[in-house]
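Structure data (compact mmCIF, C-alpha atoms) from start_17.txt:
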# COMPACT_ATOMS: atom_id res chain seq x y z
CA MET W 18 -6.23 10.15 -14.06
CA ASN W 19 -5.31 13.71 -14.73
CA GLU W 20 -2.78 14.08 -11.97
CA GLN W 21 0.87 13.17 -11.90
CA ILE W 22 1.17 9.61 -10.71
CA GLU W 23 3.92 8.61 -8.35
CA VAL W 24 3.33 5.07 -7.19
CA LEU W 25 6.20 2.62 -6.97
CA SER W 26 4.11 -0.42 -6.12
CA ILE W 27 0.44 -1.02 -6.76
CA GLU W 28 0.78 -4.26 -4.82
CA LYS W 29 1.72 -2.25 -1.73
CA ILE W 30 -1.51 -0.26 -1.96
CA GLU W 31 -3.44 -3.50 -2.33
CA ALA W 32 -1.62 -4.90 0.69
CA PHE W 33 -2.55 -1.81 2.69
CA ALA W 34 -6.20 -2.21 1.66
CA ALA W 35 -6.08 -5.81 2.87
CA THR W 36 -4.48 -4.76 6.17
CA LEU W 37 -7.21 -2.15 6.64
CA ARG W 38 -9.91 -4.77 6.12
CA ILE W 39 -8.17 -7.12 8.57
CA PHE W 40 -7.89 -4.30 11.09
CA ALA W 41 -11.62 -3.60 10.78
CA ALA W 42 -12.46 -7.29 11.10
CA ARG W 43 -10.37 -7.63 14.25
CA GLY W 44 -11.07 -4.16 15.60
CA LEU W 45 -14.81 -4.58 16.00
CA PRO W 46 -14.58 -7.70 18.22
CA LEU W 47 -11.77 -6.08 20.19
CA ALA W 48 -13.86 -2.95 20.79
CA ARG W 49 -16.82 -5.13 21.78
CA SER W 50 -14.62 -7.11 24.12
CA ALA W 51 -13.36 -3.87 25.71
CA GLY W 52 -16.98 -2.71 26.10
CA SER W 53 -17.96 -5.97 27.82
CA HIS W 54 -14.95 -5.77 30.13
CA ILE W 55 -15.89 -2.21 31.11
CA ALA W 56 -19.53 -3.17 31.68
CA ARG W 57 -18.46 -6.08 33.88
CA GLY W 58 -16.22 -3.77 35.91
CA GLN W 59 -19.03 -1.26 36.36
CA ALA W 60 -21.48 -4.00 37.36
CA PHE W 61 -18.96 -5.34 39.86
CA LEU W 62 -18.61 -1.92 41.50
CA ALA W 63 -22.37 -1.36 41.47
CA ASP W 64 -22.87 -4.69 43.20
CA ARG W 65 -20.21 -3.84 45.76
CA ARG W 66 -21.93 -0.48 46.40
CA LEU W 67 -25.27 -2.24 46.85
CA GLN W 68 -23.78 -4.65 49.37
CA CYS W 69 -22.16 -1.74 51.16
CA ARG W 70 -25.49 0.12 51.23
CA HIS W 71 -27.18 -2.93 52.78
CA LYS W 72 -24.43 -3.09 55.36
CA VAL W 73 -24.99 0.57 56.24
CA GLU W 74 -28.73 -0.03 56.51
CA ARG W 75 -28.25 -3.07 58.76
CA LEU W 76 -25.93 -1.10 61.05
CA GLU W 77 -28.36 1.85 61.11
CA ASP W 78 -31.12 -0.59 62.11
CA ALA W 79 -28.89 -1.97 64.84
CA VAL W 80 -28.31 1.53 66.16
CA ARG W 81 -32.04 2.28 66.09
CA GLN W 82 -32.91 -0.99 67.85
CA ALA W 83 -30.27 -0.67 70.56
CA LYS W 84 -31.47 -0.33 74.14
CA PRO W 85 -30.85 3.01 75.84
CA ASP W 86 -28.27 1.60 78.24
CA GLU W 87 -26.50 -0.58 75.63
CA ASP W 88 -22.92 0.26 74.58
CA ILE W 89 -23.15 0.79 70.83
CA SER W 90 -19.84 2.53 70.27
CA GLY W 91 -18.59 -0.55 68.39
CA ILE W 92 -21.63 -0.47 66.08
CA PHE W 93 -21.07 3.23 65.49
CA ARG W 94 -17.48 2.60 64.48
CA LEU W 95 -18.62 -0.04 62.03
CA LEU W 96 -21.37 2.23 60.73
CA ASN W 97 -19.00 5.16 60.19
CA ARG W 98 -16.61 2.92 58.37
CA ALA W 99 -19.36 1.41 56.20
CA GLN W 100 -20.62 4.89 55.35
CA GLU W 101 -17.09 6.00 54.36
CA GLU W 102 -16.75 2.92 52.18
CA TYR W 103 -20.11 3.59 50.60
CA HIS W 104 -19.18 7.20 49.80
CA GLU W 105 -15.83 6.09 48.42
CA LEU W 106 -17.67 3.71 46.12
CA LEU W 107 -19.97 6.52 44.99
CA ARG W 108 -16.96 8.76 44.28
CA CYS W 109 -15.27 5.99 42.26
CA GLU W 110 -18.42 5.32 40.27
CA SER W 111 -18.89 8.99 39.54
CA LEU W 112 -15.31 9.28 38.27
CA ILE W 113 -15.76 6.16 36.16
CA ASP W 114 -19.00 7.53 34.71
CA GLN W 115 -17.12 10.63 33.53
CA LYS W 116 -14.45 8.48 31.89
CA VAL W 117 -17.06 6.17 30.38
CA SER W 118 -18.68 9.18 28.79
CA ILE W 119 -15.37 10.19 27.16
CA TYR W 120 -14.70 6.59 26.15
CA GLU W 121 -18.15 6.17 24.62
CA ARG W 122 -17.64 9.19 22.37
CA ALA W 123 -14.33 7.79 21.17
CA GLU W 124 -15.81 4.33 20.82
CA HIS W 125 -18.71 5.67 18.78
CA ALA W 126 -16.30 7.42 16.41
CA LEU W 127 -14.19 4.28 16.10
CA SER W 128 -17.16 1.98 15.47
CA GLY W 129 -18.34 4.27 12.69
CA LEU W 130 -14.91 4.16 11.15
CA LEU W 131 -14.56 0.41 11.50
CA GLN W 132 -17.80 -0.08 9.62
CA ASP W 133 -18.54 2.81 7.28
CA GLY W 134 -15.01 4.24 7.21
CA THR W 135 -13.47 0.94 6.22
CA ALA W 136 -16.02 0.42 3.48
CA ALA W 137 -15.44 3.92 2.10
CA ALA W 138 -11.65 3.68 2.29
CA SER W 139 -11.67 0.21 0.74
CA ALA W 140 -13.89 1.34 -2.11
CA SER W 141 -11.65 4.33 -2.71
CA LEU W 142 -8.52 2.16 -2.69
CA LYS W 143 -10.14 -0.31 -5.05
CA ASN W 144 -10.93 2.46 -7.51
CA ILE W 145 -7.42 3.84 -7.20
CA VAL W 146 -5.82 0.43 -7.76
CA THR W 147 -8.04 -0.23 -10.76
CA ALA W 148 -7.20 3.16 -12.23
CA LEU W 149 -3.50 2.60 -11.61
CA GLN W 150 -3.60 -0.83 -13.19
CA ASP W 151 -5.21 0.67 -16.24
CA TYR W 152 -2.73 3.47 -16.27
CA ASN W 153 0.23 1.27 -15.47
CA SER W 154 0.85 0.51 -19.01
CA ILE W 155 2.40 1.24 -22.26
CA ARG W 156 -0.76 1.39 -24.29
CA ILE W 157 -0.80 -0.07 -27.71
CA GLU W 158 -3.68 0.73 -29.97
CA ASP W 159 -5.85 -2.33 -30.46
CA SER W 160 -5.85 -1.79 -34.17
CA LEU W 161 -2.15 -2.44 -34.30
CA GLY W 162 -2.66 -5.99 -33.17
CA GLY W 163 -0.90 -6.09 -29.83
CA GLY W 164 2.55 -7.14 -28.96
CA THR W 165 4.34 -7.12 -32.23
CA ARG W 166 4.75 -3.37 -32.24
CA ASN W 167 7.68 -1.65 -30.65
CA VAL W 168 6.31 0.63 -27.98
CA SER W 169 9.13 3.11 -28.41
CA GLU W 170 7.31 4.47 -31.41
CA SER W 171 4.08 5.23 -29.59
CA ALA W 172 5.89 6.37 -26.47
CA ASN W 173 8.05 8.84 -28.32
CA SER W 174 5.15 10.26 -30.22
CA SER W 175 3.56 11.44 -27.00
CA THR W 176 6.60 12.80 -25.23
CA THR W 177 8.93 15.71 -25.67
CA SER W 178 10.88 16.38 -28.82
CA ALA W 179 14.12 16.08 -26.89
CA HIS W 180 13.12 12.59 -25.97
CA SER W 181 12.14 11.77 -29.51
CA ALA W 182 15.57 12.81 -30.61
CA SER W 183 17.01 10.01 -28.52
CA SER W 184 14.70 7.45 -30.05
CA PRO W 185 16.35 4.07 -29.65
CA SER W 186 17.51 1.94 -32.45
CA LEU W 187 15.92 -1.48 -32.54
CA GLY W 188 18.04 -4.09 -30.88
CA SER W 189 17.95 -7.60 -32.23
CA LEU W 190 15.69 -8.84 -29.43
CA SER W 191 12.93 -6.40 -30.23
CA THR W 192 12.44 -7.95 -33.64
CA PHE W 193 10.98 -11.06 -31.99
CA PRO W 194 7.21 -11.10 -31.66
CA LEU W 195 5.71 -11.16 -28.19
CA PRO W 196 2.41 -12.50 -26.89
CA CYS W 197 -0.58 -10.19 -27.04
CA ASN W 198 -0.44 -7.60 -24.23
CA PHE W 199 3.34 -7.46 -24.24
CA ALA W 200 5.63 -5.05 -26.02
CA TRP W 201 9.31 -4.35 -26.28
CA VAL W 202 10.48 -1.23 -24.52
CA SER W 203 13.88 0.30 -24.95
CA LEU W 204 15.98 0.45 -21.81
CA LYS W 205 16.69 4.04 -22.77
CA GLU W 206 13.08 4.83 -21.99
CA ILE W 207 13.35 3.62 -18.42
CA ASP W 208 14.58 5.79 -15.56
CA LEU W 209 17.56 3.56 -14.88
CA SER W 210 19.61 6.11 -13.00
CA ASN W 211 17.13 6.08 -10.13
CA GLU W 212 15.76 2.58 -10.45
CA MET W 213 19.08 0.76 -10.52
CA ALA W 214 20.57 2.61 -7.56
CA GLY W 215 20.13 -0.32 -5.18
CA LEU W 216 21.34 -3.00 -7.57
CA LYS W 217 25.08 -2.72 -7.82
CA LYS W 218 26.26 -6.22 -7.14
CA GLU W 219 25.13 -9.84 -7.27
CA ASP W 220 24.36 -9.84 -3.54
CA ASP W 221 21.62 -7.30 -4.20
CA PHE W 222 19.66 -10.12 -5.82
CA ARG W 223 19.40 -12.09 -2.61
CA GLU W 224 15.86 -10.98 -1.80
CA VAL W 225 14.33 -11.98 -5.12
CA PRO W 226 13.13 -15.56 -5.69
CA TYR W 227 16.23 -16.43 -7.69
CA PRO W 228 19.83 -15.40 -7.12
CA TYR W 229 21.82 -13.62 -9.77
CA THR W 230 23.25 -16.72 -11.46
CA GLN W 231 19.87 -18.44 -11.77
CA LEU W 232 18.22 -15.31 -13.08
CA LYS W 233 21.03 -14.98 -15.60
CA GLU W 234 20.45 -18.56 -16.75
CA ALA W 235 16.75 -17.86 -17.10
CA ALA W 236 17.39 -14.67 -19.07
CA LEU W 237 19.76 -16.47 -21.42
CA LEU W 238 17.29 -19.30 -21.90
CA PHE W 239 14.62 -16.76 -22.63
CA LYS W 240 16.76 -15.08 -25.27
CA ASP W 241 18.24 -18.17 -26.89
CA ARG W 242 15.41 -20.65 -26.57
CA VAL W 243 12.08 -18.97 -25.94
CA LEU W 244 12.25 -15.91 -28.18
CA PRO W 245 13.22 -17.72 -31.40
CA GLU W 246 10.33 -20.10 -30.93
CA LEU W 247 7.87 -17.25 -30.43
CA THR W 248 8.16 -16.46 -34.12
CA ASN W 249 6.06 -19.58 -34.69
CA GLY W 250 3.29 -18.01 -32.62
CA GLY W 251 0.44 -20.17 -31.32
CA GLN W 252 1.16 -22.43 -28.41
CA ALA W 253 4.69 -21.12 -27.94
CA MET W 254 3.10 -17.96 -26.54
CA THR W 255 1.73 -19.88 -23.57
CA SER W 256 3.29 -21.07 -20.37
CA GLU W 257 1.73 -24.54 -20.77
CA TYR W 258 3.66 -25.08 -23.98
CA TRP W 259 6.96 -24.55 -22.17
CA ALA W 260 5.88 -26.69 -19.25
CA GLU W 261 5.30 -29.49 -21.72
CA ILE W 262 8.77 -28.96 -23.20
CA ASP W 263 10.25 -29.20 -19.72
CA ARG W 264 8.35 -32.41 -19.02
CA HIS W 265 9.66 -33.97 -22.23
CA SER W 266 13.18 -32.86 -21.42
CA GLY W 267 12.93 -34.08 -17.83
CA LEU W 268 13.70 -30.61 -16.50
CA ASN W 269 12.25 -29.29 -13.28
CA TYR W 270 10.72 -25.85 -13.05
CA GLU W 271 13.81 -24.18 -11.57
CA SER W 272 16.05 -25.15 -14.44
CA GLY W 273 13.49 -25.35 -17.22
CA VAL W 274 12.31 -23.06 -19.97
CA GLN W 275 8.87 -22.54 -18.47
CA ARG W 276 10.44 -20.48 -15.71
CA ALA W 277 12.42 -18.49 -18.30
CA PHE W 278 9.21 -17.86 -20.24
CA GLU W 279 7.25 -16.87 -17.14
CA ALA W 280 9.98 -14.60 -15.78
CA PHE W 281 9.41 -12.30 -18.74
CA LEU W 282 6.04 -13.17 -20.21
CA ALA W 283 3.69 -14.38 -17.45
CA PRO W 284 1.23 -11.58 -16.66
CA GLY W 285 1.61 -12.04 -12.92
CA GLU W 286 5.39 -12.03 -12.91
CA CYS W 287 6.49 -10.00 -15.88
CA ILE W 288 8.12 -6.60 -16.03
CA LYS W 289 5.69 -3.73 -15.48
CA LEU W 290 6.40 -0.07 -16.02
CA SER W 291 4.49 3.09 -15.32
CA ARG W 292 4.80 6.68 -16.33
CA GLY W 293 3.03 9.93 -15.49
CA LYS W 294 1.62 11.77 -18.44
CA ASP W 295 4.37 14.38 -18.48
CA GLN W 296 7.20 12.07 -17.53
CA PRO W 297 9.66 11.27 -20.30
CA LEU W 298 10.90 8.07 -18.66
CA TYR W 299 9.17 5.02 -17.27
CA SER W 300 9.45 3.99 -13.64
CA ILE W 301 9.68 0.32 -12.84
CA THR W 302 6.63 -1.06 -11.07
CA SER W 303 7.98 -4.58 -11.00
CA GLY W 304 10.95 -6.36 -12.55
CA ARG W 305 13.82 -4.21 -11.33
CA HIS W 306 16.18 -7.19 -11.06
CA ARG W 307 15.27 -8.53 -14.49
CA ILE W 308 15.89 -5.14 -16.03
CA LYS W 309 19.27 -4.99 -14.32
CA MET W 310 19.99 -8.44 -15.71
CA ALA W 311 18.99 -7.26 -19.18
CA LEU W 312 21.42 -4.38 -18.81
CA ASP W 313 24.19 -6.71 -17.68
CA LEU W 314 23.54 -8.96 -20.66
CA GLY W 315 23.68 -6.02 -23.03
CA TRP W 316 20.06 -6.14 -24.11
CA GLU W 317 18.66 -2.94 -25.51
CA HIS W 318 15.01 -3.80 -24.96
CA VAL W 319 12.92 -5.72 -22.47
CA PRO W 320 9.46 -7.24 -22.89
CA VAL W 321 6.91 -5.32 -20.84
CA PHE W 322 3.30 -6.03 -19.93
CA THR W 323 1.08 -3.49 -21.64
CA GLY W 324 -1.48 -3.34 -18.89
CA LYS W 325 -4.28 -5.10 -20.69
CA ARG W 326 -5.71 -8.11 -19.01
CA ILE W 327 -4.96 -11.45 -20.52
CA PRO W 328 -7.98 -13.74 -20.39
CA MET N 18 -4.04 -2.05 34.81
CA ASN N 19 -4.69 -5.68 35.60
CA GLY N 20 -3.93 -8.53 33.22
CA ARG N 21 -7.19 -8.58 31.27
CA SER N 22 -7.39 -4.79 30.84
CA GLY N 23 -3.73 -4.65 29.86
CA GLN N 24 -4.28 -7.40 27.32
CA ILE N 25 -7.24 -5.59 25.74
CA VAL N 26 -5.29 -2.35 25.35
CA SER N 27 -2.23 -4.18 24.12
CA ASP N 28 -4.23 -6.10 21.48
CA ILE N 29 -5.81 -2.93 20.13
CA GLN N 30 -2.52 -1.05 20.15
CA SER N 31 -0.81 -3.88 18.39
CA GLU N 32 -3.43 -4.00 15.61
CA TRP N 33 -3.30 -0.23 15.29
CA SER N 34 0.51 -0.23 15.09
CA ARG N 35 0.40 -2.81 12.34
CA LEU N 36 -2.05 -0.75 10.30
CA ARG N 37 -0.18 2.52 10.92
CA ASP N 38 3.17 0.98 9.92
CA MET N 39 1.58 -0.43 6.80
CA TRP N 40 0.22 2.98 5.91
CA LYS N 41 3.63 4.64 6.46
CA GLU N 42 5.19 2.03 4.20
CA THR N 43 2.48 2.50 1.59
CA ARG N 44 2.71 6.28 1.74
CA SER N 45 6.45 6.13 1.18
CA ILE N 46 5.88 4.54 -2.22
CA TRP N 47 2.70 6.44 -2.99
CA ARG N 48 3.70 10.05 -3.12
CA ASP N 49 1.31 11.60 -5.58
CA ASP N 50 -1.73 13.84 -5.16
CA VAL N 51 -4.11 10.88 -5.10
CA GLY N 52 -2.18 9.52 -2.13
CA SER N 53 -2.38 12.92 -0.41
CA ARG N 54 -6.11 13.06 -1.05
CA PHE N 55 -6.64 9.56 0.29
CA GLU N 56 -4.63 10.50 3.35
CA LYS N 57 -6.71 13.61 3.92
CA GLU N 58 -10.11 12.09 3.18
CA HIS N 59 -9.69 8.68 4.74
CA TRP N 60 -6.51 8.01 6.66
CA LYS N 61 -6.66 11.19 8.73
CA LYS N 62 -9.90 9.95 10.33
CA TRP N 63 -8.13 6.82 11.56
CA GLU N 64 -5.18 8.80 12.82
CA ASP N 65 -7.54 11.01 14.78
CA ALA N 66 -9.91 8.35 16.06
CA LEU N 67 -7.59 5.52 17.06
CA PRO N 68 -5.23 7.35 19.46
CA GLN N 69 -8.26 9.01 21.07
CA TYR N 70 -9.99 5.67 21.46
CA VAL N 71 -6.92 3.91 22.84
CA SER N 72 -6.15 6.75 25.23
CA SER N 73 -9.74 6.95 26.55
CA LEU N 74 -9.92 3.17 26.90
CA GLU N 75 -6.59 3.00 28.69
CA ASN N 76 -7.60 5.80 31.02
CA LEU N 77 -10.97 4.25 31.79
CA LEU N 78 -9.65 0.74 32.36
CA ASP N 79 -6.92 2.10 34.60
CA THR N 80 -9.48 4.03 36.68
CA LEU N 81 -11.77 1.01 36.81
CA ASP N 82 -9.01 -1.34 37.96
CA LYS N 83 -7.85 1.11 40.62
CA ALA N 84 -11.41 1.64 41.84
CA ILE N 85 -11.93 -2.11 42.20
CA GLN N 86 -8.68 -2.40 44.16
CA ARG N 87 -9.38 0.65 46.34
CA THR N 88 -12.90 -0.41 47.25
CA ASP N 89 -11.95 -3.96 48.20
CA PHE N 90 -12.60 -3.14 51.88

As structure tokens, the full file:
Amino acid sequence: MNEQIEVLSIEKIEAFAATLRIFAARGLPLARSAGSHIARGQAFLADRRLQCRHKVERLEDAVRQAKPDEDISGIFRLLNRAQEEYHELLRCESLIDQKVSIYERAEHALSGLLQDGTAAASASLKNIVTALQDYNSIRIEDSLGGGTRNVSESANSSTTSAHSASSPSLGSLSTFPLPCNFAWVSLKEIDLSNEMAGLKKEDDFREVPYPYTQLKEAALLFKDRVLPELTNGGQAMTSEYWAEIDRHSGLNYESGVQRAFEAFLAPGECIKLSRGKDQPLYSITSGRHRIKMALDLGWEHVPVFTGKRIP
Amino acid sequence: MNGRSGQIVSDIQSEWSRLRDMWKETRSIWRDDVGSRFEKEHWKKWEDALPQYVSSLENLLDTLDKAIQRTDF
């Protein structure tokens, strides 16, 4: 992508794409149902007009067959009334035909959109999301072997000199290795002034899966228990390893180390950042609360997903 | 409008509202040129077509219902 990117949540775009597909799936039957209802209404009026026409014809026959001396004023009254009703029905049908014509144009446009328009918009959104996911990353050259490199180095090399001048010193956490596709990013490289605006107090953590105290426990477990063990590499880099540790320790997920591991290093849950090509600072795509927690705990770096898919 | 016609219009309006709200929400967090282009190339068509469809449907069903009532001699 050559343009400046300003997307705060890729998931939101995906959710919109899903809503669009649902709308199309429900919209077509609804439009068909409306069409059937209209057709039934028109048929009902046409039938009523036909009956009325027969009534007029019967009364006209009665008038024709009346004897010269017969009092047919009553039949005439009925005939006049039936003729008025018939003409009223014709007027109504004519008005409805005009409105049907307007409706059919709108319905035709909508049907096209529900079918072709949805497909085109969905394909476009899919491409956009894919491109964003690829872009939503702190890229690490493959040749450097993944997560053991501090991203600050590569990030600074591509940004302004002023930014390079504020290159962060390595905090102790960033010396720990991370699983492939993760990298340490300095908090100084994240646009905290904007991103942390809504997170001033513990109550601001109410809407995330875990309240402040539990997230703090998880962050501490991650630092004190998970990170040191990552230096051994291998199985310690996987969620299953920590699940097994929890099982042995008799800990449930909420209080165990697997949750601490996953909060920072599971691809689906971890911290994700994004940055436009000319932007000096990263925006937070996901993990705002965990980054706030890192700040509160005095961390200088956080582990961030690099945007490459983990098999 | 009678019950069935009202229900049809209400169902369509409700689905449309949901989609439109979702788009507003999405647009608020998607403020770049790609978002603007998507809006222009795709979303605008929905914003044009749906209100026209709902309005023409509502108008037609209303006329139809009134005609059925008025010609119930």

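Between atom CA of Ser22 of chain N and atom CA of Leu78 of chain N the interatomic distance comes to 6.2 Å.
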
Residue with smallest distance to Asp82 of chain N - pool N:Arg37, N:Arg48, N:Lys62, N:Arg21, counting all atoms listed in the file:
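That would be N:Arg21, the residue with the smallest distance to Asp82 of chain N.
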
Long-range neighbours of Trp60 of chain N as number ranges by chain, 12 Å cut-off, only C-alpha atoms, 2 positions minimum in chain
W: 33-34, 37, 130, 134-135, 137-139, 141-142; N: 36-37, 39-41, 43-44, 52-58, 62-67

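You can rank W:Leu67, W:Cys109, W:Leu45, W:Met213 by their closest distance to chain N using all atoms listed in the file, and at the top of that list sits W:Cys109.
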
One decimal place gives the atom CA of Leu25 of chain W-atom CA of Pro284 of chain W separation as 17.9 Å

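With distances taken over all atoms listed in the file, W:Phe193 is the one residue among W:Tyr227, W:Phe40, W:Phe193, W:Phe278 lying closest to Leu247 of chain W.
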
Counting all atoms listed in the file, write as a list in words all protein and nucleic acid residues lying at most 12 Å from (1.6, -19.9, -26.2) in the file's frame.
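Residues found, by chain and rising number: Pro194, Leu195, Pro196, Cys197, Val243, Leu244, Glu246, Leu247, Thr248, Asn249, Gly250, Gly251, Gln252, Ala253, Met254, Thr255, Ser256, Glu257, Tyr258, Trp259, Ala260, Glu261, Ile262, Gln275, Phe278, Glu279, Leu282 and Ala283 of chain W.
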
With distances taken over all atoms listed in the file, which of W:Leu238, W:Leu216, W:Val202, W:Ala311 is nearest to Lys289 of chain W?
W:Val202

In Å, with one decimal, what is the gap from atom CA of Arg38 of chain W to atom CA of Ala140 of chain W?
11.0 Å

Is there a way to get, as a PyMOL selection string, all residues within 7 Å of the point (-3.1, 2.8, 17.8) in file coordinates, counting all atoms listed in the file?
chain N and resi 29-30+33-34+67-68+71

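Proximity to chain W was assessed for N:Gln24, N:Gln86, N:Asn19, N:Ser73 counting all atoms listed in the file; the smallest distance is recorded for N:Ser73.
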
Might you pull out every residue within 10 Å of segment 115-120 of chain W, with only C-alpha atoms counted and same-chain residues fewer than 4 positions away left off, and present them as a ChimeraX atom specification?
/W:52,55-56,59,110-111,124-126 /N:69-78,80-81

Residues near Asp208 of chain W, anyone? I mean within 9 Å using all atoms listed in the file, not counting same-chain ones fewer than 3 positions away, as number ranges by chain.
W: 204-205, 211-213, 297-301

Mind writing segment 35-46 of chain N to a file for me, with N, CA and C atoms, as a CSV table (one decimal), in the first residue's frame?
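Result went into decode.csv, see below:
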chain,number,residue,atom,x,y,z
N,35,ARG,N,-29.0,-1.6,10.7
N,35,ARG,CA,-27.9,-2.4,11.3
N,35,ARG,C,-26.6,-2.2,10.4
N,36,LEU,N,-26.8,-2.4,9.1
N,36,LEU,CA,-25.6,-2.3,8.2
N,36,LEU,C,-25.1,-0.9,8.2
N,37,ARG,N,-26.0,0.1,8.1
N,37,ARG,CA,-25.5,1.5,8.1
N,37,ARG,C,-24.8,1.9,9.4
N,38,ASP,N,-25.3,1.5,10.5
N,38,ASP,CA,-24.6,1.8,11.8
N,38,ASP,C,-23.2,1.1,11.8
N,39,MET,N,-23.2,-0.1,11.3
N,39,MET,CA,-21.9,-0.8,11.3
N,39,MET,C,-20.9,-0.1,10.4
N,40,TRP,N,-21.4,0.4,9.3
N,40,TRP,CA,-20.5,1.1,8.4
N,40,TRP,C,-20.0,2.4,9.1
N,41,LYS,N,-20.9,3.1,9.8
N,41,LYS,CA,-20.5,4.4,10.4
N,41,LYS,C,-19.4,4.1,11.5
N,42,GLU,N,-19.6,3.0,12.2
N,42,GLU,CA,-18.7,2.6,13.2
N,42,GLU,C,-17.3,2.2,12.6
N,43,THR,N,-17.4,1.5,11.5
N,43,THR,CA,-16.2,1.1,10.8
N,43,THR,C,-15.5,2.3,10.2
N,44,ARG,N,-16.2,3.2,9.6
N,44,ARG,CA,-15.6,4.4,9.0
N,44,ARG,C,-14.9,5.2,10.1
N,45,SER,N,-15.5,5.2,11.3
N,45,SER,CA,-14.9,6.1,12.3
N,45,SER,C,-13.5,5.6,12.7
N,46,ILE,N,-13.2,4.3,12.4
N,46,ILE,CA,-11.9,3.8,12.8
N,46,ILE,C,-11.0,3.5,11.5
